[in-house]
Number of protein chains: 4
Amino acid sequence: MARVTQMIILNGGSSSGKTGITRCLQVILPDPWLVLGTDLLIEVMPASMQESDAGIEFAPDGGISVGPQFRALEQAWMTGIVAMARAGARIIVDEVFLSGAASQRRWIDLLGDLEVLWVGVRCDAAVAAGRELSRGDRVTGMAQAQAGIVHRGMRYDLEVDTTHTEALECARLIAARVA
Amino acid sequence: MARVTQMIILNGGSSSGKTGITRCLQVILPDPWLVLGTDLLIEVMPASMQESDAGIEFAPDGGISVGPQFRALEQAWMTGIVAMARAGARIIVDEVFLSGAASQRRWIDLLGDLEVLWVGVRCDAAVAAGRELSRGDRVTGMAQAQAGIVHRGMRYDLEVDTTHTEALECARLIAARVA
Amino acid sequence: MARVTQMIILNGGSSSGKTGITRCLQVILPDPWLVLGTDLLIEVMPASMQESDAGIEFAPDGGISVGPQFRALEQAWMTGIVAMARAGARIIVDEVFLSGAASQRRWIDLLGDLEVLWVGVRCDAAVAAGRELSRGDRVTGMAQAQAGIVHRGMRYDLEVDTTHTEALECARLIAARVA
Amino acid sequence: MARVTQMIILNGGSSSGKTGITRCLQVILPDPWLVLGTDLLIEVMPASMQESDAGIEFAPDGGISVGPQFRALEQAWMTGIVAMARAGARIIVDEVFLSGAASQRRWIDLLGDLEVLWVGVRCDAAVAAGRELSRGDRVTGMAQAQAGIVHRGMRYDLEVDTTHTEALECARLIAARVA
């Protein structure tokens with residue numbers, strides 16, 4: 001018998017379309033799902049974490065470097081999200097695995113027997129770069145820089161590609177796999 | 001000799017992709033262009049204008065009704081935008097012509113001899129409705145309701161369709177027509 | 001020997017100034033603290049939770065009613081936040097205890113031996129109502145409705161009052177109590 | 001007989017509380033007033049204008065330098081706002097006069113016989129700096145840098161001081177002078 005899916009983890013580069021997919025999932029899935037991800041973690045940290053070697057730095061060319069203080073907070077954050085799922089909340093995690101398989105390994109070490117659906121969100125690098133422009137952000141380059149590296153060595157239950165498929169259609173493909 | 005384009009007026013329904021196109025235009029056009037539109041006018045009005053018969057009302061089904069007080073402010077707003085263009089600012093107007101050709105007529109009456117590029121932004125209604133979901137807005141239905149009616153009786157210099165074309169590519173088609 | 005403070009829980013009505021205080025705390029406290037609260041929980045839920053009896057409803061007069069589905073998600077959310085703190089993240093919780101002492105009891109049942117600083121954030125109801133206007137929200141009335149009830153039966157380690165004291169000064173009073 | 005006030009121009013440094021006052025004015029004034037200001041102009045410009053010598057640059061210490069391309073667009077923007085007011089819209093302008101009296105002179109040269117209420121919004125520099133922190137912006141220093149210089153040589157019909165007076169009360173003082 002299929003066990004109930006407790007968590008959906010989406011991984012994809014910046015501007016690959018993850019956020020649009022998660023919003024569609026929240027609409028089409030019959031239960032209420034919480035959406036948590038890296039962007040939110042950065043939002044709830046002090047702004048000064050973006051100005052220190054120990055924190056997270058966004059280079060003008062779209063590169064990102066992460067220090068030990070950020071890593072420690074992220075580890076506690078992930079631990080808390082797993083605890084929320086164990087306590088009964090269904091959770092969509094919206095992630096950018098800058099270290100590919102090593103990032104996935106960190107999650108797997110925490111997940112235990114939680115039932116997780118792993119989803120890769122791909123997008124052609126040039127198309128993602130164009131969508132990055134259309135969002136009007138001042139810093140550009142992340143879409144191009146991340147499009148390939150985030151999927152290195154990853155194992156997914158399902159992959160979607162937003163290059164030619166709308167967010168809603170991708171969400172339907174994912175929802176069909178949620179038990 | 002081609003006269004310099006002073007204004008670009010884009011018309012399309014909600015979630016047709018106008019905003020993404022305008023942001024790309026601001027990046028790829030060599031001169032700085034200001035982007036002004038209906039959403040901005042609503043933003044700079046008192047919030048109470050959204051709760052009065054004289055103002056603008058958004059129905060739960062995506063319908064919009066506009067009262068005399070809103071119309072009067074909009075007329076002054078349009079007059080000011082035309083004056084900005086005459087004073088030398090290059091301006092992209094991002095509009096939703098709920099009354100189609102009659103809305104276009106109101107602009108034409110103000111524009112005089114300004115050099116304007118009229119652009120229709122189309123998107124398949126079902127696709128626009130899906131993108132509306134992916135934005136996470138609480139009120140939905142506007143994309144479906146507006147997809148067709150905003151283009152009734154309109155005359156354009158150029159039409160783009162975001163159903164299968166990325167915002168950046170649409171912006172390039174438009175930029176190629178800017179003198 | 002004073003044990004290290006692991007969590008700061010601020011409770012106050014809408015527009016009492018909690019958010020400004022938490023941002024100042026993030027700047028003046030030497031370690032990085034995460035800020036999590038009710039507003040964030042609502043933000044990460046599906047928008048439809050705000051339109052259902054089982055979720056959370058905001059009445060036009062500023063009243064709020066909370067249903068069983070919201071309560072269940074909130075309980076899992078709180079459990080996760082406690083787990084983050086146990087895993088080493090220092091956390092500021094920004095709360096509106098609509099049920100006063102009963103809300104505090106729900107936290108205490110989860111906190112175990114975590115070292116928590118309880119802070120009440122007061123503001124004169126009329127002043128809070130004025131600040132609510134100055135924020136430009138369309139729905140008003142919450143500041144007035146909540147100013148008193150959120151503090152009923154609460155026990156605090158420290159109380160601050162933003163009526164005549166700036167957010168930064170309140171934050172300094174709180175920071176002086178953080179071990 | 002008092003002529004109808006067509007425009008209110010508020011001038012004050014960053015974090016002096018102008019925005020809160022304008023939102024209260026929009027609520028308490030019986031007619032609908034549009035709020036336009038420097039922040040909005042920057043928002044509608046291309047993001048790249050913030051990265052060029054010809055545009056506007058925000059230094060890490062809170063300093064601002066303005067180039068010729070920004071100045072030209074600003075001049076057209078001001079011309080358009082004056083035209084909106086002449087066309088019947090009542091307008092609140094929310095400004096930061098970095099050049100004090102010279103900035104005022106530029107407006108006066110455009111205003112002609114429009115009926116304008118000039119308002120200075122003051123705030124103690126240390127208090128404004130604290131409020132800047134409480135907003136959580138990453139760049140700080142503008143409040144301190146601008147508190148004094150924006151008022152140099154200015155002439156006002158009315159001055160308000162938000163150091164010890166709430167935004168709503170300041171708005172009432174201003175509204176009492178609107179004809």
# chains A, B, ... in the order shown; residues from 1 in each chain; ligands from 1
>>> closest_atom_pairs(of="region 53-166 of chain D", to="region 157-171 of chain C", cutoff="8 Å", atoms="only C-alpha atoms", output="Markdown table")
| residue | atom | partner | partner_atom | distance |
| --- | --- | --- | --- | --- |
| D:Val127 | CA | C:Glu166 | CA | 7.7 |
| D:Gly130 | CA | C:Leu168 | CA | 5.7 |
| D:Arg131 | CA | C:Ala167 | CA | 7.3 |
| D:Leu133 | CA | C:Leu168 | CA | 7.6 |
| D:Ser134 | CA | C:Ala167 | CA | 6.6 |
| D:His164 | CA | C:His164 | CA | 7.8 |
>>> write_last_selection(atoms="N, CA and C atoms", output="PDB file, in the first residue's frame")
ATOM      1  N   VAL D 127      16.857  59.562  15.940  1.00  0.00           N
ATOM      2  CA  VAL D 127      15.591  58.810  15.927  1.00  0.00           C
ATOM      3  C   VAL D 127      15.334  58.237  14.530  1.00  0.00           C
ATOM      4  N   GLY D 130      17.412  55.224  13.950  1.00  0.00           N
ATOM      5  CA  GLY D 130      16.846  54.058  14.636  1.00  0.00           C
ATOM      6  C   GLY D 130      15.695  53.455  13.850  1.00  0.00           C
ATOM      7  N   ARG D 131      14.851  54.324  13.297  1.00  0.00           N
ATOM      8  CA  ARG D 131      13.710  53.828  12.513  1.00  0.00           C
ATOM      9  C   ARG D 131      14.182  53.163  11.223  1.00  0.00           C
ATOM     10  N   LEU D 133      16.872  51.389  10.998  1.00  0.00           N
ATOM     11  CA  LEU D 133      17.224  50.021  11.445  1.00  0.00           C
ATOM     12  C   LEU D 133      15.976  49.156  11.560  1.00  0.00           C
ATOM     13  N   SER D 134      14.908  49.732  12.121  1.00  0.00           N
ATOM     14  CA  SER D 134      13.699  48.950  12.392  1.00  0.00           C
ATOM     15  C   SER D 134      12.980  48.553  11.107  1.00  0.00           C
ATOM     16  N   HIS D 164       8.384  63.142  18.025  1.00  0.00           N
ATOM     17  CA  HIS D 164       7.496  62.798  19.135  1.00  0.00           C
ATOM     18  C   HIS D 164       6.022  62.847  18.732  1.00  0.00           C
TER      19      HIS D 164
END
>>> residues_around(residues="Val96 (chain A)", least_positions_apart="6", cutoff="7 Å", atoms="only C-alpha atoms", output="PDB file with C-alpha atoms, in the first residue's frame")
ATOM      1  CA  ASN A  11      15.389  21.190  -6.657  1.00  0.00           C
ATOM      2  CA  GLY A  12      16.217  23.506  -9.504  1.00  0.00           C
ATOM      3  CA  GLY A  13      18.344  26.516 -10.417  1.00  0.00           C
ATOM      4  CA  VAL A 150      22.303  21.886  -9.126  1.00  0.00           C
TER       5      VAL A 150
END
>>> residues_around(residues="Gly153 (chain D)", least_positions_apart="3", cutoff="12 Å", atoms="only C-alpha atoms", output="MDAnalysis selection string")
chainID D and resid 97:105 120 148:150 156
>>> select_by_dssp(residues="region 4-136 of chain A", states="strand (DSSP E)", output="NGL selection string")
:A and (7-11 or 33-37 or 56-58 or 64-66 or 90-95 or 116-122)
>>> write_last_selection(atoms="N, CA and C atoms", output="mmCIF file, in the first residue's frame")
data_model
loop_
_atom_site.group_PDB
_atom_site.id
_atom_site.type_symbol
_atom_site.label_atom_id
_atom_site.label_comp_id
_atom_site.auth_asym_id
_atom_site.auth_seq_id
_atom_site.Cartn_x
_atom_site.Cartn_y
_atom_site.Cartn_z
ATOM 1 N N MET A 7 6.429 14.838 2.311
ATOM 2 C CA MET A 7 7.226 15.981 1.878
ATOM 3 C C MET A 7 7.497 15.877 0.380
ATOM 4 N N ILE A 8 7.489 17.020 -0.300
ATOM 5 C CA ILE A 8 7.915 17.100 -1.699
ATOM 6 C C ILE A 8 9.132 18.015 -1.708
ATOM 7 N N ILE A 9 10.255 17.525 -2.204
ATOM 8 C CA ILE A 9 11.439 18.385 -2.292
ATOM 9 C C ILE A 9 11.717 18.666 -3.763
ATOM 10 N N LEU A 10 11.581 19.947 -4.138
ATOM 11 C CA LEU A 10 11.880 20.375 -5.507
ATOM 12 C C LEU A 10 13.261 20.997 -5.534
ATOM 13 N N ASN A 11 14.072 20.594 -6.477
ATOM 14 C CA ASN A 11 15.389 21.190 -6.657
ATOM 15 C C ASN A 11 15.528 21.711 -8.084
ATOM 16 N N TRP A 33 -0.751 22.385 1.937
ATOM 17 C CA TRP A 33 0.691 22.129 2.047
ATOM 18 C C TRP A 33 1.398 23.446 2.344
ATOM 19 N N LEU A 34 2.364 23.390 3.243
ATOM 20 C CA LEU A 34 3.212 24.562 3.496
ATOM 21 C C LEU A 34 4.365 24.570 2.504
ATOM 22 N N VAL A 35 4.769 25.752 2.052
ATOM 23 C CA VAL A 35 5.941 25.874 1.171
ATOM 24 C C VAL A 35 7.078 26.574 1.913
ATOM 25 N N LEU A 36 8.173 25.879 2.056
ATOM 26 C CA LEU A 36 9.351 26.433 2.734
ATOM 27 C C LEU A 36 10.560 26.205 1.845
ATOM 28 N N GLY A 37 11.518 27.105 1.867
ATOM 29 C CA GLY A 37 12.682 26.898 1.009
ATOM 30 C C GLY A 37 13.816 27.833 1.366
ATOM 31 N N ILE A 56 26.296 34.284 3.749
ATOM 32 C CA ILE A 56 26.083 33.941 2.346
ATOM 33 C C ILE A 56 26.381 35.163 1.494
ATOM 34 N N GLU A 57 27.127 34.971 0.428
ATOM 35 C CA GLU A 57 27.488 36.105 -0.419
ATOM 36 C C GLU A 57 27.036 35.883 -1.850
ATOM 37 N N PHE A 58 26.418 36.911 -2.408
ATOM 38 C CA PHE A 58 25.967 36.866 -3.793
ATOM 39 C C PHE A 58 26.913 37.712 -4.631
ATOM 40 N N ILE A 64 27.445 32.251 -5.827
ATOM 41 C CA ILE A 64 27.050 32.301 -4.428
ATOM 42 C C ILE A 64 28.089 31.539 -3.614
ATOM 43 N N SER A 65 28.545 32.140 -2.503
ATOM 44 C CA SER A 65 29.408 31.369 -1.615
ATOM 45 C C SER A 65 28.798 31.361 -0.223
ATOM 46 N N VAL A 66 28.932 30.212 0.427
ATOM 47 C CA VAL A 66 28.239 29.987 1.683
ATOM 48 C C VAL A 66 29.268 29.680 2.768
ATOM 49 N N ARG A 90 2.109 18.785 5.962
ATOM 50 C CA ARG A 90 2.633 18.353 4.668
ATOM 51 C C ARG A 90 3.409 19.528 4.081
ATOM 52 N N ILE A 91 4.623 19.269 3.624
ATOM 53 C CA ILE A 91 5.542 20.365 3.310
ATOM 54 C C ILE A 91 6.185 20.209 1.938
ATOM 55 N N ILE A 92 6.162 21.311 1.181
ATOM 56 C CA ILE A 92 6.905 21.407 -0.072
ATOM 57 C C ILE A 92 8.169 22.208 0.199
ATOM 58 N N VAL A 93 9.323 21.612 -0.095
ATOM 59 C CA VAL A 93 10.586 22.310 0.091
ATOM 60 C C VAL A 93 11.091 22.751 -1.284
ATOM 61 N N ASP A 94 11.382 24.035 -1.391
ATOM 62 C CA ASP A 94 11.769 24.679 -2.653
ATOM 63 C C ASP A 94 13.254 25.024 -2.524
ATOM 64 N N GLU A 95 14.121 24.226 -3.166
ATOM 65 C CA GLU A 95 15.556 24.280 -2.873
ATOM 66 C C GLU A 95 16.417 24.539 -4.106
ATOM 67 N N VAL A 116 9.122 10.865 1.111
ATOM 68 C CA VAL A 116 9.470 12.076 0.362
ATOM 69 C C VAL A 116 9.400 11.821 -1.140
ATOM 70 N N LEU A 117 8.860 12.799 -1.862
ATOM 71 C CA LEU A 117 8.895 12.771 -3.324
ATOM 72 C C LEU A 117 9.961 13.755 -3.798
ATOM 73 N N TRP A 118 10.995 13.223 -4.465
ATOM 74 C CA TRP A 118 12.085 14.068 -4.963
ATOM 75 C C TRP A 118 11.806 14.491 -6.400
ATOM 76 N N VAL A 119 11.823 15.807 -6.623
ATOM 77 C CA VAL A 119 11.488 16.330 -7.951
ATOM 78 C C VAL A 119 12.604 17.249 -8.456
ATOM 79 N N GLY A 120 13.098 16.957 -9.647
ATOM 80 C CA GLY A 120 14.048 17.859 -10.295
ATOM 81 C C GLY A 120 13.308 18.806 -11.223
ATOM 82 N N VAL A 121 13.594 20.105 -11.124
ATOM 83 C CA VAL A 121 12.959 21.096 -11.995
ATOM 84 C C VAL A 121 14.030 21.637 -12.940
ATOM 85 N N ARG A 122 13.955 21.239 -14.185
ATOM 86 C CA ARG A 122 14.948 21.660 -15.159
ATOM 87 C C ARG A 122 14.414 22.787 -16.034
#
>>> interface_residues(of="chain A", to="chain D", cutoff="9 Å", atoms="only C-alpha atoms", output="NGL selection string")
:A and (46-48 or 50 or 136-138)
>>> write_last_selection(atoms="N, CA and C atoms", output="JSON list (two decimals), in the first residue's frame")
[["chain", "number", "residue", "atom", "x", "y", "z"],
["A", 46, "PRO", "N", 19.17, 37.58, 9.72],
["A", 46, "PRO", "CA", 19.55, 39.00, 9.71],
["A", 46, "PRO", "C", 20.11, 39.40, 8.34],
["A", 47, "ALA", "N", 19.82, 40.60, 7.90],
["A", 47, "ALA", "CA", 20.34, 41.08, 6.62],
["A", 47, "ALA", "C", 21.87, 41.04, 6.60],
["A", 48, "SER", "N", 22.48, 41.17, 7.77],
["A", 48, "SER", "CA", 23.95, 41.20, 7.83],
["A", 48, "SER", "C", 24.57, 39.87, 7.44],
["A", 50, "GLN", "N", 24.18, 38.52, 4.83],
["A", 50, "GLN", "CA", 24.51, 38.63, 3.41],
["A", 50, "GLN", "C", 25.74, 39.50, 3.18],
["A", 136, "GLY", "N", 13.11, 41.39, -13.61],
["A", 136, "GLY", "CA", 13.54, 42.74, -13.25],
["A", 136, "GLY", "C", 14.53, 42.81, -12.11],
["A", 137, "ASP", "N", 15.11, 41.68, -11.68],
["A", 137, "ASP", "CA", 16.10, 41.73, -10.61],
["A", 137, "ASP", "C", 17.33, 42.51, -11.07],
["A", 138, "ARG", "N", 17.98, 43.17, -10.15],
["A", 138, "ARG", "CA", 19.19, 43.91, -10.51],
["A", 138, "ARG", "C", 20.38, 42.98, -10.71]]
>>> residues_around(residues="Arg135 (chain D)", least_positions_apart="3", cutoff="7 Å", atoms="only C-alpha atoms", output="PyMOL selection string")
(chain C and resi 20+23) or (chain D and resi 131-132)
>>> residues_around(residues="Asp31 (chain B)", least_positions_apart="3", cutoff="12 Å", atoms="only C-alpha atoms", output="MDAnalysis selection string")
(chainID B and resid 4:6 25:28 34 88:91 175 178:179) or (chainID D and resid 45:46 48:49 54:55 69:70 73)
>>> closest_residue(among="A:Val44, A:Glu115, A:Ala125, A:Thr140", to="Pro32 (chain C)", atoms="only C-alpha atoms")
A:Val44
>>> atom_distance(atom1="CA of Gly80 (chain B)", atom2="CA of Met154 (chain D)")
26.5 Å
>>> atom_distance(atom1="CA of Thr22 (chain D)", atom2="CA of Lys18 (chain B)")
29.5 Å
>>> residues_around(residues="Ile81 (chain B)", least_positions_apart="2", cutoff="9 Å", atoms="only C-alpha atoms", output="short mmCIF file (atom, residue, chain, number, x, y, z; two decimals) with N, CA, C and O atoms, in the first residue's frame")
data_model
loop_
_atom_site.label_atom_id
_atom_site.label_comp_id
_atom_site.auth_asym_id
_atom_site.auth_seq_id
_atom_site.Cartn_x
_atom_site.Cartn_y
_atom_site.Cartn_z
N LEU B 36 5.03 52.87 -16.96
CA LEU B 36 3.87 53.33 -16.20
C LEU B 36 2.65 52.57 -16.69
O LEU B 36 2.56 52.25 -17.87
N ALA B 76 -6.73 62.40 -15.89
CA ALA B 76 -5.65 63.31 -15.49
C ALA B 76 -4.30 62.60 -15.53
O ALA B 76 -3.28 63.17 -15.95
N TRP B 77 -4.29 61.35 -15.09
CA TRP B 77 -3.08 60.52 -15.10
C TRP B 77 -2.55 60.36 -16.53
O TRP B 77 -1.35 60.58 -16.78
N MET B 78 -3.44 60.06 -17.47
CA MET B 78 -3.04 59.90 -18.86
C MET B 78 -2.50 61.22 -19.43
O MET B 78 -1.51 61.24 -20.16
N THR B 79 -3.17 62.31 -19.07
CA THR B 79 -2.72 63.63 -19.52
C THR B 79 -1.30 63.91 -19.04
O THR B 79 -0.45 64.43 -19.78
N ALA B 83 2.30 64.40 -21.09
CA ALA B 83 3.16 65.56 -20.86
C ALA B 83 4.60 65.14 -20.55
O ALA B 83 5.55 65.80 -20.96
N MET B 84 4.76 64.04 -19.82
CA MET B 84 6.11 63.52 -19.55
C MET B 84 6.81 63.16 -20.85
O MET B 84 8.00 63.43 -21.04
N ALA B 85 6.08 62.51 -21.74
CA ALA B 85 6.67 62.09 -23.02
C ALA B 85 7.04 63.31 -23.86
O ALA B 85 8.11 63.37 -24.46
N ARG B 86 6.17 64.32 -23.87
CA ARG B 86 6.47 65.55 -24.61
C ARG B 86 7.71 66.23 -24.03
O ARG B 86 8.46 66.89 -24.75
N ILE B 91 8.55 56.51 -22.71
CA ILE B 91 7.63 55.86 -21.77
C ILE B 91 6.97 54.63 -22.37
O ILE B 91 6.47 54.66 -23.50
N VAL B 93 3.81 52.28 -21.67
CA VAL B 93 2.57 52.23 -20.93
C VAL B 93 2.05 50.79 -20.98
O VAL B 93 1.92 50.20 -22.05
N TRP D 77 9.53 63.92 -15.56
CA TRP D 77 8.61 63.35 -14.57
C TRP D 77 7.87 64.46 -13.83
O TRP D 77 6.64 64.45 -13.70
N GLY D 80 5.34 66.16 -15.95
CA GLY D 80 4.13 65.34 -16.08
C GLY D 80 3.24 65.42 -14.86
O GLY D 80 2.01 65.48 -14.96
N ILE D 81 3.85 65.46 -13.68
CA ILE D 81 3.05 65.53 -12.45
C ILE D 81 2.31 66.87 -12.39
O ILE D 81 1.14 66.92 -12.01
N ALA D 83 1.33 68.54 -14.93
CA ALA D 83 0.24 68.44 -15.91
C ALA D 83 -0.94 67.63 -15.35
O ALA D 83 -2.10 67.95 -15.63
N MET D 84 -0.65 66.59 -14.59
CA MET D 84 -1.73 65.82 -13.96
C MET D 84 -2.54 66.71 -13.02
O MET D 84 -3.77 66.63 -12.98
#
>>> atom_distance(atom1="CA of Gly62 (chain C)", atom2="CA of Ala143 (chain C)")
7.7 Å
>>> residues_around(residues="Asp61 (chain C)", least_positions_apart="2", cutoff="7 Å", atoms="only C-alpha atoms", output="VMD selection string")
chain C and resid 59 63 140 to 141
